[in-house]
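One file, target.pdb, is given below (PDB, C-alpha atoms).
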```pdb
MODEL        1
ATOM      1  CA  ALA A   1     -53.374 -36.846-222.867  1.00  0.00           C
ATOM      2  CA  GLN A   2     -55.735 -33.999-223.561  1.00  0.00           C
ATOM      3  CA  SER A   3     -58.827 -33.761-221.374  1.00  0.00           C
ATOM      4  CA  VAL A   4     -61.377 -31.228-220.142  1.00  0.00           C
ATOM      5  CA  THR A   5     -63.109 -30.892-216.791  1.00  0.00           C
ATOM      6  CA  GLN A   6     -66.429 -29.140-216.455  1.00  0.00           C
ATOM      7  CA  LEU A   7     -67.046 -27.842-212.962  1.00  0.00           C
ATOM      8  CA  GLY A   8     -70.652 -28.293-211.965  1.00  0.00           C
ATOM      9  CA  SER A   9     -72.837 -30.945-213.524  1.00  0.00           C
ATOM     10  CA  HIS A  10     -75.870 -28.732-213.019  1.00  0.00           C
ATOM     11  CA  VAL A  11     -76.145 -24.944-213.091  1.00  0.00           C
ATOM     12  CA  SER A  12     -79.361 -23.075-212.429  1.00  0.00           C
ATOM     13  CA  VAL A  13     -79.835 -19.352-213.133  1.00  0.00           C
ATOM     14  CA  SER A  14     -82.750 -16.972-213.332  1.00  0.00           C
ATOM     15  CA  GLU A  15     -83.956 -15.628-216.646  1.00  0.00           C
ATOM     16  CA  GLY A  16     -81.985 -12.468-217.424  1.00  0.00           C
ATOM     17  CA  ALA A  17     -79.085 -13.413-215.148  1.00  0.00           C
ATOM     18  CA  LEU A  18     -75.491 -14.067-216.149  1.00  0.00           C
ATOM     19  CA  VAL A  19     -74.682 -17.559-217.340  1.00  0.00           C
ATOM     20  CA  LEU A  20     -71.219 -18.922-216.451  1.00  0.00           C
ATOM     21  CA  LEU A  21     -70.284 -22.501-217.334  1.00  0.00           C
ATOM     22  CA  ARG A  22     -66.794 -23.565-216.355  1.00  0.00           C
ATOM     23  CA  CYS A  23     -64.333 -25.638-218.353  1.00  0.00           C
ATOM     24  CA  ASN A  24     -60.690 -26.352-217.545  1.00  0.00           C
ATOM     25  CA  TYR A  25     -58.432 -28.196-219.911  1.00  0.00           C
ATOM     26  CA  SER A  26     -55.394 -30.352-219.470  1.00  0.00           C
ATOM     27  CA  SER A  27     -52.971 -30.331-222.341  1.00  0.00           C
ATOM     28  CA  SER A  28     -49.228 -30.341-222.801  1.00  0.00           C
ATOM     29  CA  VAL A  29     -49.587 -28.249-225.929  1.00  0.00           C
ATOM     30  CA  PRO A  30     -52.026 -25.454-226.774  1.00  0.00           C
ATOM     31  CA  PRO A  31     -55.235 -27.210-227.678  1.00  0.00           C
ATOM     32  CA  TYR A  32     -58.214 -26.490-229.849  1.00  0.00           C
ATOM     33  CA  LEU A  33     -61.273 -26.063-227.612  1.00  0.00           C
ATOM     34  CA  PHE A  34     -64.960 -26.242-228.402  1.00  0.00           C
ATOM     35  CA  TRP A  35     -68.288 -25.635-226.707  1.00  0.00           C
ATOM     36  CA  TYR A  36     -71.269 -27.632-227.951  1.00  0.00           C
ATOM     37  CA  VAL A  37     -74.915 -27.440-226.867  1.00  0.00           C
ATOM     38  CA  GLN A  38     -77.371 -30.329-226.881  1.00  0.00           C
ATOM     39  CA  TYR A  39     -81.082 -29.670-226.596  1.00  0.00           C
ATOM     40  CA  PRO A  40     -83.304 -32.533-225.419  1.00  0.00           C
ATOM     41  CA  ASN A  41     -83.557 -35.380-227.898  1.00  0.00           C
ATOM     42  CA  GLN A  42     -81.259 -33.652-230.370  1.00  0.00           C
ATOM     43  CA  GLY A  43     -77.694 -33.878-231.614  1.00  0.00           C
ATOM     44  CA  LEU A  44     -74.891 -31.511-230.712  1.00  0.00           C
ATOM     45  CA  GLN A  45     -74.586 -28.005-232.127  1.00  0.00           C
ATOM     46  CA  LEU A  46     -71.377 -25.986-232.091  1.00  0.00           C
ATOM     47  CA  LEU A  47     -71.610 -22.800-230.033  1.00  0.00           C
ATOM     48  CA  LEU A  48     -68.041 -21.581-230.530  1.00  0.00           C
ATOM     49  CA  LYS A  49     -64.451 -22.736-230.817  1.00  0.00           C
ATOM     50  CA  TYR A  50     -60.964 -21.555-229.894  1.00  0.00           C
ATOM     51  CA  THR A  51     -58.325 -22.116-232.552  1.00  0.00           C
ATOM     52  CA  SER A  52     -55.584 -19.762-231.282  1.00  0.00           C
ATOM     53  CA  ALA A  53     -56.608 -16.796-233.443  1.00  0.00           C
ATOM     54  CA  ALA A  54     -58.148 -14.759-230.599  1.00  0.00           C
ATOM     55  CA  THR A  55     -58.513 -15.450-226.896  1.00  0.00           C
ATOM     56  CA  LEU A  56     -62.044 -14.032-226.681  1.00  0.00           C
ATOM     57  CA  VAL A  57     -64.327 -16.037-228.900  1.00  0.00           C
ATOM     58  CA  LYS A  58     -67.860 -15.035-229.758  1.00  0.00           C
ATOM     59  CA  GLY A  59     -70.374 -17.689-230.681  1.00  0.00           C
ATOM     60  CA  ILE A  60     -73.988 -18.117-231.574  1.00  0.00           C
ATOM     61  CA  ASN A  61     -76.983 -17.183-229.423  1.00  0.00           C
ATOM     62  CA  GLY A  62     -75.045 -14.484-227.539  1.00  0.00           C
ATOM     63  CA  PHE A  63     -72.513 -16.843-225.969  1.00  0.00           C
ATOM     64  CA  GLU A  64     -68.814 -16.148-225.705  1.00  0.00           C
ATOM     65  CA  ALA A  65     -65.796 -17.776-224.104  1.00  0.00           C
ATOM     66  CA  GLU A  66     -62.346 -16.600-223.124  1.00  0.00           C
ATOM     67  CA  PHE A  67     -59.236 -18.749-223.437  1.00  0.00           C
ATOM     68  CA  LYS A  68     -56.931 -18.173-220.458  1.00  0.00           C
ATOM     69  CA  LYS A  69     -53.693 -20.073-220.775  1.00  0.00           C
ATOM     70  CA  SER A  70     -52.487 -19.085-217.302  1.00  0.00           C
ATOM     71  CA  GLU A  71     -55.610 -20.618-215.772  1.00  0.00           C
ATOM     72  CA  THR A  72     -55.993 -23.430-218.368  1.00  0.00           C
ATOM     73  CA  SER A  73     -59.615 -22.376-218.662  1.00  0.00           C
ATOM     74  CA  PHE A  74     -62.176 -21.799-221.378  1.00  0.00           C
ATOM     75  CA  HIS A  75     -65.315 -20.723-219.523  1.00  0.00           C
ATOM     76  CA  LEU A  76     -68.558 -20.055-221.389  1.00  0.00           C
ATOM     77  CA  THR A  77     -70.601 -16.960-220.585  1.00  0.00           C
ATOM     78  CA  LYS A  78     -73.760 -15.203-221.654  1.00  0.00           C
ATOM     79  CA  PRO A  79     -74.736 -11.849-220.131  1.00  0.00           C
ATOM     80  CA  SER A  80     -78.474 -12.506-219.948  1.00  0.00           C
ATOM     81  CA  ALA A  81     -80.021 -15.968-219.823  1.00  0.00           C
ATOM     82  CA  HIS A  82     -83.071 -16.819-221.877  1.00  0.00           C
ATOM     83  CA  MET A  83     -85.490 -19.663-221.256  1.00  0.00           C
ATOM     84  CA  SER A  84     -84.436 -21.186-224.588  1.00  0.00           C
ATOM     85  CA  ASP A  85     -80.866 -21.597-223.269  1.00  0.00           C
ATOM     86  CA  ALA A  86     -81.933 -24.538-221.113  1.00  0.00           C
ATOM     87  CA  ALA A  87     -79.899 -27.462-222.437  1.00  0.00           C
ATOM     88  CA  GLU A  88     -76.832 -29.623-221.854  1.00  0.00           C
ATOM     89  CA  TYR A  89     -73.511 -27.954-222.599  1.00  0.00           C
ATOM     90  CA  PHE A  90     -70.317 -29.826-223.421  1.00  0.00           C
ATOM     91  CA  CYS A  91     -66.792 -28.514-223.495  1.00  0.00           C
ATOM     92  CA  ALA A  92     -64.452 -30.479-225.761  1.00  0.00           C
ATOM     93  CA  VAL A  93     -60.764 -30.535-226.629  1.00  0.00           C
ATOM     94  CA  ARG A  94     -59.010 -31.633-229.761  1.00  0.00           C
ATOM     95  CA  LYS A  95     -55.293 -32.118-230.253  1.00  0.00           C
ATOM     96  CA  ILE A  96     -53.539 -29.889-232.745  1.00  0.00           C
ATOM     97  CA  GLN A  97     -51.696 -32.785-234.321  1.00  0.00           C
ATOM     98  CA  GLY A  98     -53.113 -36.233-234.943  1.00  0.00           C
ATOM     99  CA  ALA A  99     -56.316 -34.399-234.492  1.00  0.00           C
ATOM    100  CA  GLN A 100     -59.274 -36.590-235.316  1.00  0.00           C
ATOM    101  CA  LYS A 101     -60.313 -37.252-231.722  1.00  0.00           C
ATOM    102  CA  LEU A 102     -62.675 -34.884-229.967  1.00  0.00           C
ATOM    103  CA  VAL A 103     -62.719 -35.487-226.210  1.00  0.00           C
ATOM    104  CA  PHE A 104     -65.744 -34.194-224.295  1.00  0.00           C
ATOM    105  CA  GLY A 105     -66.159 -33.084-220.730  1.00  0.00           C
ATOM    106  CA  GLN A 106     -68.912 -34.611-218.604  1.00  0.00           C
ATOM    107  CA  GLY A 107     -71.373 -31.887-219.486  1.00  0.00           C
ATOM    108  CA  THR A 108     -73.253 -29.213-217.558  1.00  0.00           C
ATOM    109  CA  ARG A 109     -77.022 -29.116-217.506  1.00  0.00           C
ATOM    110  CA  LEU A 110     -78.232 -25.515-217.548  1.00  0.00           C
ATOM    111  CA  THR A 111     -81.646 -24.789-216.074  1.00  0.00           C
ATOM    112  CA  ILE A 112     -83.294 -21.374-216.436  1.00  0.00           C
ATOM    113  CA  ASN A 113     -85.747 -20.263-213.770  1.00  0.00           C
ATOM    114  CA  PRO A 114     -88.529 -17.872-214.778  1.00  0.00           C
TER
ATOM    115  CA  ASP B   1     -76.233 -26.762-246.102  1.00  0.00           C
ATOM    116  CA  THR B   2     -74.641 -27.906-242.825  1.00  0.00           C
ATOM    117  CA  GLU B   3     -76.903 -30.841-242.216  1.00  0.00           C
ATOM    118  CA  VAL B   4     -76.091 -34.379-241.230  1.00  0.00           C
ATOM    119  CA  THR B   5     -79.086 -36.693-241.449  1.00  0.00           C
ATOM    120  CA  GLN B   6     -79.559 -39.954-239.605  1.00  0.00           C
ATOM    121  CA  THR B   7     -82.119 -42.696-240.040  1.00  0.00           C
ATOM    122  CA  PRO B   8     -84.013 -44.112-238.330  1.00  0.00           C
ATOM    123  CA  LYS B   9     -84.735 -41.682-235.488  1.00  0.00           C
ATOM    124  CA  HIS B  10     -85.712 -44.530-233.174  1.00  0.00           C
ATOM    125  CA  LEU B  11     -84.942 -48.240-233.309  1.00  0.00           C
ATOM    126  CA  VAL B  12     -86.034 -51.099-231.095  1.00  0.00           C
ATOM    127  CA  MET B  13     -84.345 -54.425-231.658  1.00  0.00           C
ATOM    128  CA  GLY B  14     -83.983 -57.793-230.008  1.00  0.00           C
ATOM    129  CA  MET B  15     -80.651 -59.298-229.126  1.00  0.00           C
ATOM    130  CA  THR B  16     -80.766 -61.655-232.093  1.00  0.00           C
ATOM    131  CA  ASN B  17     -81.711 -59.068-234.688  1.00  0.00           C
ATOM    132  CA  LYS B  18     -79.543 -57.490-237.354  1.00  0.00           C
ATOM    133  CA  LYS B  19     -80.166 -53.836-238.103  1.00  0.00           C
ATOM    134  CA  SER B  20     -78.319 -50.889-239.607  1.00  0.00           C
ATOM    135  CA  LEU B  21     -78.058 -47.202-238.817  1.00  0.00           C
ATOM    136  CA  LYS B  22     -77.560 -44.788-241.672  1.00  0.00           C
ATOM    137  CA  CYS B  23     -75.880 -41.386-241.785  1.00  0.00           C
ATOM    138  CA  GLU B  24     -75.641 -39.034-244.734  1.00  0.00           C
ATOM    139  CA  GLN B  25     -74.041 -35.663-245.429  1.00  0.00           C
ATOM    140  CA  HIS B  26     -73.783 -33.609-248.598  1.00  0.00           C
ATOM    141  CA  MET B  27     -71.285 -31.007-247.447  1.00  0.00           C
ATOM    142  CA  GLY B  28     -68.342 -32.610-249.202  1.00  0.00           C
ATOM    143  CA  HIS B  29     -66.823 -33.640-245.880  1.00  0.00           C
ATOM    144  CA  ARG B  30     -64.196 -36.369-246.018  1.00  0.00           C
ATOM    145  CA  ALA B  31     -64.185 -37.399-242.357  1.00  0.00           C
ATOM    146  CA  MET B  32     -67.149 -39.120-240.732  1.00  0.00           C
ATOM    147  CA  TYR B  33     -67.615 -40.313-237.172  1.00  0.00           C
ATOM    148  CA  TRP B  34     -69.794 -42.552-235.040  1.00  0.00           C
ATOM    149  CA  TYR B  35     -70.329 -41.687-231.384  1.00  0.00           C
ATOM    150  CA  LYS B  36     -72.273 -43.473-228.667  1.00  0.00           C
ATOM    151  CA  GLN B  37     -74.005 -41.423-225.980  1.00  0.00           C
ATOM    152  CA  LYS B  38     -75.533 -42.965-222.871  1.00  0.00           C
ATOM    153  CA  ALA B  39     -78.102 -41.014-220.869  1.00  0.00           C
ATOM    154  CA  LYS B  40     -76.635 -38.078-218.948  1.00  0.00           C
ATOM    155  CA  LYS B  41     -73.148 -38.779-220.328  1.00  0.00           C
ATOM    156  CA  PRO B  42     -70.986 -37.143-223.001  1.00  0.00           C
ATOM    157  CA  PRO B  43     -70.620 -38.679-226.454  1.00  0.00           C
ATOM    158  CA  GLU B  44     -67.907 -41.323-226.751  1.00  0.00           C
ATOM    159  CA  LEU B  45     -66.076 -41.815-229.997  1.00  0.00           C
ATOM    160  CA  MET B  46     -66.517 -45.222-231.629  1.00  0.00           C
ATOM    161  CA  PHE B  47     -65.160 -44.975-235.186  1.00  0.00           C
ATOM    162  CA  VAL B  48     -63.610 -42.457-237.549  1.00  0.00           C
ATOM    163  CA  TYR B  49     -63.506 -42.726-241.318  1.00  0.00           C
ATOM    164  CA  SER B  50     -61.136 -40.534-243.267  1.00  0.00           C
ATOM    165  CA  TYR B  51     -61.431 -40.521-247.059  1.00  0.00           C
ATOM    166  CA  GLU B  52     -63.664 -43.607-246.805  1.00  0.00           C
ATOM    167  CA  LYS B  53     -61.025 -45.561-244.904  1.00  0.00           C
ATOM    168  CA  LEU B  54     -61.372 -46.571-241.268  1.00  0.00           C
ATOM    169  CA  SER B  55     -58.762 -44.564-239.380  1.00  0.00           C
ATOM    170  CA  ILE B  56     -59.845 -44.979-235.763  1.00  0.00           C
ATOM    171  CA  ASN B  57     -61.602 -47.852-234.000  1.00  0.00           C
ATOM    172  CA  GLU B  58     -61.867 -47.155-230.291  1.00  0.00           C
ATOM    173  CA  SER B  59     -61.799 -50.863-229.350  1.00  0.00           C
ATOM    174  CA  VAL B  60     -65.476 -51.215-230.158  1.00  0.00           C
ATOM    175  CA  PRO B  61     -66.957 -54.752-229.871  1.00  0.00           C
ATOM    176  CA  SER B  62     -67.307 -56.579-233.184  1.00  0.00           C
ATOM    177  CA  ARG B  63     -71.095 -56.645-232.856  1.00  0.00           C
ATOM    178  CA  PHE B  64     -70.810 -53.072-234.182  1.00  0.00           C
ATOM    179  CA  SER B  65     -69.588 -52.997-237.771  1.00  0.00           C
ATOM    180  CA  PRO B  66     -69.083 -49.675-239.552  1.00  0.00           C
ATOM    181  CA  GLU B  67     -69.132 -49.173-243.276  1.00  0.00           C
ATOM    182  CA  CYS B  68     -68.429 -46.176-245.484  1.00  0.00           C
ATOM    183  CA  PRO B  69     -69.680 -46.991-249.000  1.00  0.00           C
ATOM    184  CA  ASN B  70     -68.880 -43.527-250.337  1.00  0.00           C
ATOM    185  CA  SER B  71     -67.847 -40.097-249.153  1.00  0.00           C
ATOM    186  CA  SER B  72     -71.425 -39.060-248.303  1.00  0.00           C
ATOM    187  CA  LEU B  73     -72.674 -42.144-246.535  1.00  0.00           C
ATOM    188  CA  LEU B  74     -71.807 -43.899-243.295  1.00  0.00           C
ATOM    189  CA  ASN B  75     -73.511 -47.006-241.963  1.00  0.00           C
ATOM    190  CA  LEU B  76     -73.336 -48.801-238.650  1.00  0.00           C
ATOM    191  CA  HIS B  77     -74.351 -52.447-238.821  1.00  0.00           C
ATOM    192  CA  LEU B  78     -75.653 -53.956-235.609  1.00  0.00           C
ATOM    193  CA  HIS B  79     -75.771 -57.650-234.765  1.00  0.00           C
ATOM    194  CA  ALA B  80     -76.320 -59.583-231.543  1.00  0.00           C
ATOM    195  CA  LEU B  81     -76.425 -56.459-229.415  1.00  0.00           C
ATOM    196  CA  GLN B  82     -76.805 -56.431-225.647  1.00  0.00           C
ATOM    197  CA  PRO B  83     -79.255 -54.366-223.594  1.00  0.00           C
ATOM    198  CA  GLU B  84     -76.347 -52.224-222.379  1.00  0.00           C
ATOM    199  CA  ASP B  85     -75.845 -51.093-225.987  1.00  0.00           C
ATOM    200  CA  SER B  86     -79.045 -49.077-225.715  1.00  0.00           C
ATOM    201  CA  ALA B  87     -78.023 -45.462-226.276  1.00  0.00           C
ATOM    202  CA  LEU B  88     -78.193 -42.499-228.619  1.00  0.00           C
ATOM    203  CA  TYR B  89     -75.921 -43.075-231.617  1.00  0.00           C
ATOM    204  CA  LEU B  90     -74.620 -39.886-233.133  1.00  0.00           C
ATOM    205  CA  CYS B  91     -73.023 -39.429-236.505  1.00  0.00           C
ATOM    206  CA  ALA B  92     -70.785 -36.473-237.290  1.00  0.00           C
ATOM    207  CA  SER B  93     -68.750 -35.202-240.207  1.00  0.00           C
ATOM    208  CA  SER B  94     -65.960 -32.699-240.758  1.00  0.00           C
ATOM    209  CA  PRO B  95     -64.165 -31.325-243.818  1.00  0.00           C
ATOM    210  CA  GLN B  96     -60.789 -32.985-243.120  1.00  0.00           C
ATOM    211  CA  ARG B  97     -58.991 -29.908-244.434  1.00  0.00           C
ATOM    212  CA  GLU B  98     -57.984 -27.985-241.305  1.00  0.00           C
ATOM    213  CA  ALA B  99     -56.857 -30.727-238.927  1.00  0.00           C
ATOM    214  CA  GLY B 100     -57.843 -30.019-235.348  1.00  0.00           C
ATOM    215  CA  ARG B 101     -59.403 -26.602-235.793  1.00  0.00           C
ATOM    216  CA  GLU B 102     -62.280 -27.774-237.930  1.00  0.00           C
ATOM    217  CA  THR B 103     -65.813 -28.215-236.674  1.00  0.00           C
ATOM    218  CA  GLN B 104     -67.524 -31.551-236.410  1.00  0.00           C
ATOM    219  CA  TYR B 105     -71.146 -31.320-237.495  1.00  0.00           C
ATOM    220  CA  PHE B 106     -73.492 -33.688-235.708  1.00  0.00           C
ATOM    221  CA  GLY B 107     -76.666 -35.367-236.825  1.00  0.00           C
ATOM    222  CA  PRO B 108     -79.744 -35.651-234.565  1.00  0.00           C
ATOM    223  CA  GLY B 109     -78.925 -39.209-233.616  1.00  0.00           C
ATOM    224  CA  THR B 110     -80.668 -42.570-233.591  1.00  0.00           C
ATOM    225  CA  ARG B 111     -82.078 -43.626-230.249  1.00  0.00           C
ATOM    226  CA  LEU B 112     -81.549 -47.374-229.959  1.00  0.00           C
ATOM    227  CA  LEU B 113     -83.277 -49.674-227.499  1.00  0.00           C
ATOM    228  CA  VAL B 114     -82.103 -53.276-227.265  1.00  0.00           C
ATOM    229  CA  LEU B 115     -84.550 -55.654-225.611  1.00  0.00           C
TER
ENDMDL
END
```

Translate this structure into structure tokens?
Amino acid sequence: AQSVTQLGSHVSVSEGALVLLRCNYSSSVPPYLFWYVQYPNQGLQLLLKYTSAATLVKGINGFEAEFKKSETSFHLTKPSAHMSDAAEYFCAVRKIQGAQKLVFGQGTRLTINP
Amino acid sequence: DTEVTQTPKHLVMGMTNKKSLKCEQHMGHRAMYWYKQKAKKPPELMFVYSYEKLSINESVPSRFSPECPNSSLLNLHLHALQPEDSALYLCASSPQREAGRETQYFGPGTRLLVL
């Protein structure tokens, strides 16, 4: 069964520093992968998604992620953190066939220090 | 317009009450979803409607009853809930045209407290 593992339930970086949030997937077939962000007391917003078109995916708010099949990873990065990036981030996987289920990782809370 | 709306924003109910959560989208999406999210946890899928028909029920207790009256509207009827059902209930929709690659668009959620 498809699943994702997010390494680190809490990541703290300084404003202006690199943001790296880790996500590894488990899938017997190439999956579709998503990163969502959830700000406090809000729903989820799509940051970016991998759908096999390109391994380096650019998203909103300066985020990007690289799909690495050899490492079964889809880590999220941003070169320079902003205070407004503080939120909960979820990696999610969806099967290519029979594909209505979106399975989320446990989430990573990102804190930005001034 | 990529908005999914949910009402009410907050709901407090007793264990004997009957209440309903409402979700609406006007993006022409044909798949709609209910998720439950407990504090500090990821969303968990409850139900999926595809073309107004229930296609997935993730073994949800019968005290939760979904309804999809038309392609734009999704309800979740609540009856005889337990305190452990207190959570954020999220609605989402997707086009149902691109299978797994398509984006699910989420509403802001209804925060439910069961006393």

Which residues of chain A sit at most 9 Å from chain B, using all atoms listed in the file? Give each one's shortest atom pair and distance in Å (one decimal place), in chain and ascending residue order, as CSV.
```
residue,atom,partner,partner_atom,distance
A:Pro31,CA,B:Gly100,CA,8.6
A:Tyr32,CA,B:Arg101,CA,6.1
A:Leu33,CA,B:Arg101,CA,8.4
A:Phe34,CA,B:Thr103,CA,8.5
A:Asn41,CA,B:Pro108,CA,7.7
A:Gln42,CA,B:Pro108,CA,4.9
A:Gly43,CA,B:Pro108,CA,4.0
A:Leu44,CA,B:Phe106,CA,5.6
A:Gln45,CA,B:Phe106,CA,6.8
A:Leu46,CA,B:Thr103,CA,7.5
A:Lys49,CA,B:Arg101,CA,8.1
A:Tyr50,CA,B:Arg101,CA,7.9
A:Thr51,CA,B:Arg101,CA,5.6
A:Glu88,CA,B:Lys40,CA,8.9
A:Phe90,CA,B:Pro42,CA,7.4
A:Arg94,CA,B:Gly100,CA,5.9
A:Lys95,CA,B:Gly100,CA,6.1
A:Ile96,CA,B:Gly100,CA,5.0
A:Gln97,CA,B:Gly100,CA,6.8
A:Gly98,CA,B:Ala99,CA,7.8
A:Ala99,CA,B:Gly100,CA,4.7
A:Gln100,CA,B:Gly100,CA,6.7
A:Lys101,CA,B:Leu45,CA,7.6
A:Leu102,CA,B:Leu45,CA,7.7
A:Val103,CA,B:Glu44,CA,7.8
A:Phe104,CA,B:Pro42,CA,6.2
A:Gly105,CA,B:Pro42,CA,6.7
A:Gln106,CA,B:Pro42,CA,5.5
A:Gly107,CA,B:Pro42,CA,6.3
```

Run the PyMOL selection byres ((chain B and resi 82) around 9) against the file shown and list the residues it catches, as JSON, numbers by chain. {"B": [14, 15, 80, 81, 83, 84, 85, 86, 114, 115]}

Expanded to explicit residues, what is the PyMOL selection byres ((chain B and resi 26) around 10) for this file, as a PyMOL selection string? chain B and resi 1-5+24-25+27-29+71-73+93

Write the selection just made, keeping C-alpha atoms, as a compact mmCIF listing (two decimals), in the coordinates of the input?
```txt
# COMPACT_ATOMS: atom_id res chain seq x y z
CA ASP B 1 -76.23 -26.76 -246.10
CA THR B 2 -74.64 -27.91 -242.82
CA GLU B 3 -76.90 -30.84 -242.22
CA VAL B 4 -76.09 -34.38 -241.23
CA THR B 5 -79.09 -36.69 -241.45
CA GLU B 24 -75.64 -39.03 -244.73
CA GLN B 25 -74.04 -35.66 -245.43
CA MET B 27 -71.28 -31.01 -247.45
CA GLY B 28 -68.34 -32.61 -249.20
CA HIS B 29 -66.82 -33.64 -245.88
CA SER B 71 -67.85 -40.10 -249.15
CA SER B 72 -71.42 -39.06 -248.30
CA LEU B 73 -72.67 -42.14 -246.54
CA SER B 93 -68.75 -35.20 -240.21
```

Using only C-alpha atoms: which of A:Val93, A:Ala17, A:Val57, A:Ala86 has the shortest distance to Ser3 of chain A: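 Of all the options, A:Val93 lies closest to Ser3 of chain A.
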
Suppose a student applies the PyMOL selection byres ((chain B and resi 78) around 6) to this structure; what residues should they get, written as a tab-separated table (two decimals) with C-alpha atoms, keeping the file's coordinate frame?
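Once written, result.tsv looks like this:
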```
chain	number	residue	atom	x	y	z
B	18	LYS	CA	-79.54	-57.49	-237.35
B	19	LYS	CA	-80.17	-53.84	-238.10
B	20	SER	CA	-78.32	-50.89	-239.61
B	63	ARG	CA	-71.10	-56.64	-232.86
B	64	PHE	CA	-70.81	-53.07	-234.18
B	77	HIS	CA	-74.35	-52.45	-238.82
B	79	HIS	CA	-75.77	-57.65	-234.76
```

Step by step: start from the point (-63.1, -18.5, -218.1) in the file's coordinates, keep every protein, DNA or RNA residue that has an atom no farther than 12 Å from it, count only C-alpha atoms, and write the set as a count of residues only. 28

Tell me, as an MDAnalysis selection string, which residues lie within 10 Å of Pro69 of chain B, counting only C-alpha atoms; anything in the same chain fewer than 5 positions away does not count. chainID B and resid 52:53 74:75

Write the residues you've just listed into a file as a PDB file, keeping the file's coordinate frame, and include C-alpha atoms for each of them.
```pdb
ATOM      1  CA  GLU B  52     -63.664 -43.607-246.805  1.00  0.00           C
ATOM      2  CA  LYS B  53     -61.025 -45.561-244.904  1.00  0.00           C
ATOM      3  CA  LEU B  74     -71.807 -43.899-243.295  1.00  0.00           C
ATOM      4  CA  ASN B  75     -73.511 -47.006-241.963  1.00  0.00           C
TER       5      ASN B  75
END
```

Point-to-point distance from atom CA of Ala92 of chain A to atom CA of Val11 of chain A, Å rounded to tenths: 18.1 Å

10 Å contact set for Ala81 of chain A, all atoms listed in the file, chain neighbours under 4 positions out, as a PyMOL selection string: chain A and resi 13-20+62-63+77+85-86+110-113
